[in-house]
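Written below as structure tokens is the structure these notes are about.
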Amino acid sequence: MPAPPTATPVYLDHNGTTPVAPDVLEAMLPFLRGEFGNPSSATALGNRARDAIEQARARVATLIGADADEIIFTSGGTEASNHAILGFAGAAPAGRRRIVTSTVEHPATDMPCRRLADRGFELRRVPVTRAGRLRLDEAVAAIDDDAALVTIIHAQNEIGILQPVFELAAAARRHGVPMHLDAAQSLGKIPLDVRAIDADAMTIAGHKLYAPKGIGALYLRRGRDVPSPLAGAGQERGRRPGTENVPGIVGLGCACEIVGQRLAVDSGRIAALRDRLWERLAAGVAGLHRVGAGAPCLPNTLSLLFPGIDGGALLAAAPSVAASTGSACHAGESRPSAVMLALGYAPEVARGAVRLSLGRATTDADIEHAADALIAAYARERRGP
């Protein structure tokens, strides 16, 4: 089977970002051209822009089982997580000063939690198993009447492992503790229902599900009155003031509608391709280790540890494959992934990390080419000059 030209590498970094879907772009274009109205203006253009925002809000809500008035549009996942974490902490009763989170959070969760620790909150980072799953007994023990917030990543962005969010939400509910879920990486890849999970807040990032960068949303359960970290005019019910990013919002709404239509088919096909890629690589690289094997995982994510080599060096030696060693937020760093270290891997082992994440456009031919390229690059790098 002929390999694709190296000018267009096989793209296996969909956990880093996804391309904007063609239908999403088409939905956005009118609002980048003639439909340029300000949604706060009482003009015909403004009214149409406002109607488009509300249609998008309903589409996002439908995908996650929420009501439209529980969706707040943001600039992305980081803003949504900051809004929820800092907001819930700010609204916590005086006696509740513990933030319960994990050791494998995205920086968008970890950094606001650190700021809260600087303000006197107790930060309880619950460890994970070697497979990347939260130690549930320790998490449940930490959720008590002293807790102000549980904030947890749904699918770990580097390894794709899913956390036991139903059990965490149940423990939080027993003690009246709000729970924030970072679903930036999971939404669009697996079914997600905020009512079934019983979450109080949830982060959505548009560019992880074929919408553009610079748009996201926060689900905030109706009745949860938390202060906004922003001040300004009354947009988004005063929670996210500033003139709305109408094209981005429309794009996110369209992307969510597409996910609802094709998720079941996409996830099954992508999971089969992911497993084929693992089979090919495992057969061609002696000692290759699959992180989180056997644990619940996103259908598109394959997290690997290549023995005796630096993951970044391996990918540099296979330029026809576009992938990463871990989170896009740490691109270019040569030190071992903090997530791999949190899983208990030694630094010299953790340096071999490579994350391969598939998407809608991934084909059988892509998988064969990527496997051949990575196996050949590994053999060359291990032989040396």
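Numbering starts fresh at 1 for the residues of each chain in the structure tokens, the chains themselves are lettered A, B, ... in the order given, and ligands are numbered from 1 as they appear.
All residues of protein, DNA or RNA that reach within 9 Å of segment 284-290 of chain A, judged by only C-alpha atoms and not counting those fewer than 5 positions away in the chain, are Trp278, Glu279, Leu302, Ser303, Leu304, Leu305, Phe306, Pro307, Ala371, Asp372, Ile375, Ala376, Tyr378 and Ala379 of chain A.
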Write out, as an mmCIF file, in the first residue's frame, the residues just selected, with C-alpha atoms.
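Final output, selection15.cif:
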```cif
data_model
loop_
_atom_site.group_PDB
_atom_site.id
_atom_site.type_symbol
_atom_site.label_atom_id
_atom_site.label_comp_id
_atom_site.auth_asym_id
_atom_site.auth_seq_id
_atom_site.Cartn_x
_atom_site.Cartn_y
_atom_site.Cartn_z
ATOM 1 C CA TRP A 278 -1.607 -1.099 18.689
ATOM 2 C CA GLU A 279 -1.423 -4.617 17.218
ATOM 3 C CA LEU A 302 -3.248 5.119 22.310
ATOM 4 C CA SER A 303 -0.663 6.052 24.934
ATOM 5 C CA LEU A 304 2.623 4.189 24.545
ATOM 6 C CA LEU A 305 6.026 3.912 26.183
ATOM 7 C CA PHE A 306 8.756 3.028 23.689
ATOM 8 C CA PRO A 307 11.642 1.303 25.488
ATOM 9 C CA ALA A 371 2.787 1.801 12.038
ATOM 10 C CA ASP A 372 5.404 1.236 9.336
ATOM 11 C CA ILE A 375 8.536 0.881 13.590
ATOM 12 C CA ALA A 376 11.201 1.849 11.043
ATOM 13 C CA TYR A 378 12.402 3.127 16.195
ATOM 14 C CA ALA A 379 14.729 0.559 14.611
#
```
Those in segment 97-262 of chain A with strand (DSSP E or B) from DSSP, as a count of residues only: 38
Selection: 12 Å around Ala169 of chain A, only C-alpha atoms, excl. self and same-chain fewer than 4 positions, as number ranges by chain: A: 100, 136, 139-140, 143, 149-152, 154, 163-165, 173-181, 194-201
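Closest to Leu315 of chain A among A:Leu374, A:Ala271, A:Asp69, A:Val349 is A:Leu374, based on only C-alpha atoms.
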Secondary structure check, helix (DSSP H, G or I) residues of segment 131-347 of chain A, as JSON, numbers by chain: {"A": [136, 137, 138, 139, 140, 141, 142, 165, 166, 167, 168, 169, 170, 171, 172, 173, 174, 194, 195, 196, 197, 206, 207, 208, 235, 236, 237, 238, 246, 247, 248, 249, 250, 251, 252, 253, 254, 255, 256, 257, 258, 259, 260, 261, 262, 263, 264, 265, 266, 267, 268, 269, 270, 271, 272, 273, 274, 275, 276, 277, 278, 279, 280, 281, 282, 283, 284, 311, 312, 313, 314, 315, 316, 328, 329, 330, 338, 339, 340, 341, 342, 347]}
Nearest-residue call for Gly352 of chain A, choices A:Ala66, A:Gly242, A:Gly311, A:Ile367, using only C-alpha atoms: A:Gly311
Determine, counting only C-alpha atoms, which protein, DNA and RNA residues have an atom within 10 Å of an atom of Thr18 of chain A; residues of the same chain fewer than 6 positions away are not included. Present the result as a compact mmCIF listing (two decimals) with C-alpha atoms, in the first residue's frame.
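Result file follows (selection.txt):
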```
# COMPACT_ATOMS: atom_id res chain seq x y z
CA TYR A 11 -2.33 13.30 11.57
CA LEU A 12 -2.56 11.39 14.86
CA GLY A 206 -14.60 23.60 20.94
CA HIS A 207 -11.33 22.80 19.20
CA LYS A 208 -11.34 19.26 20.60
CA LEU A 209 -14.56 18.39 18.72
CA TYR A 210 -14.07 19.91 15.25
CA ALA A 211 -15.11 23.46 16.15
CA PRO A 212 -12.63 26.37 15.91
CA LYS A 213 -10.11 27.38 18.51
CA LEU A 358 -7.07 9.27 15.99
CA GLY A 359 -9.99 11.18 14.50
CA ARG A 360 -12.84 11.12 12.02
```
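For Lys189 of chain A, the set of protein, DNA and RNA residues having any atom at most 8 Å away, when counting only C-alpha atoms and skipping those fewer than 2 positions along the same chain, is Gln185, Ser186, Leu187, Pro191, Leu209, Leu263, Ser267, Leu298, Pro299 and Asn300 of chain A.
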Could you save the residues just selected, with C-alpha atoms, as an mmCIF file, in the first residue's frame?
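Result saved to again-v5.cif:
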```cif
data_model
loop_
_atom_site.group_PDB
_atom_site.id
_atom_site.type_symbol
_atom_site.label_atom_id
_atom_site.label_comp_id
_atom_site.auth_asym_id
_atom_site.auth_seq_id
_atom_site.Cartn_x
_atom_site.Cartn_y
_atom_site.Cartn_z
ATOM 1 C CA GLN A 185 -11.092 15.835 26.036
ATOM 2 C CA SER A 186 -14.049 13.472 26.348
ATOM 3 C CA LEU A 187 -16.941 15.406 24.819
ATOM 4 C CA PRO A 191 -21.556 9.872 25.133
ATOM 5 C CA LEU A 209 -14.561 18.389 18.725
ATOM 6 C CA LEU A 263 -20.881 9.700 17.575
ATOM 7 C CA SER A 267 -16.378 5.935 18.024
ATOM 8 C CA LEU A 298 -11.285 7.065 25.064
ATOM 9 C CA PRO A 299 -11.816 5.117 21.830
ATOM 10 C CA ASN A 300 -9.315 7.210 19.883
#
```
For Ile71 of chain A, the nearest of the candidates A:Ala295, A:Met202, A:Val246, A:Ala350, counting only C-alpha atoms: A:Met202
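The smallest atom-to-atom distance between Ala183 of chain A and any of A:His106, A:Arg280, A:Arg130, A:Arg355, using only C-alpha atoms, is found for A:His106.
Closest approach to Glu54 of chain A among A:Glu236, A:Asp144, A:Glu257, A:Asp366 is made by A:Glu236 (distances from only C-alpha atoms).
Between atom CA of Ala108 of chain A and atom CA of Asn245 of chain A the separation is 21.0 Å.
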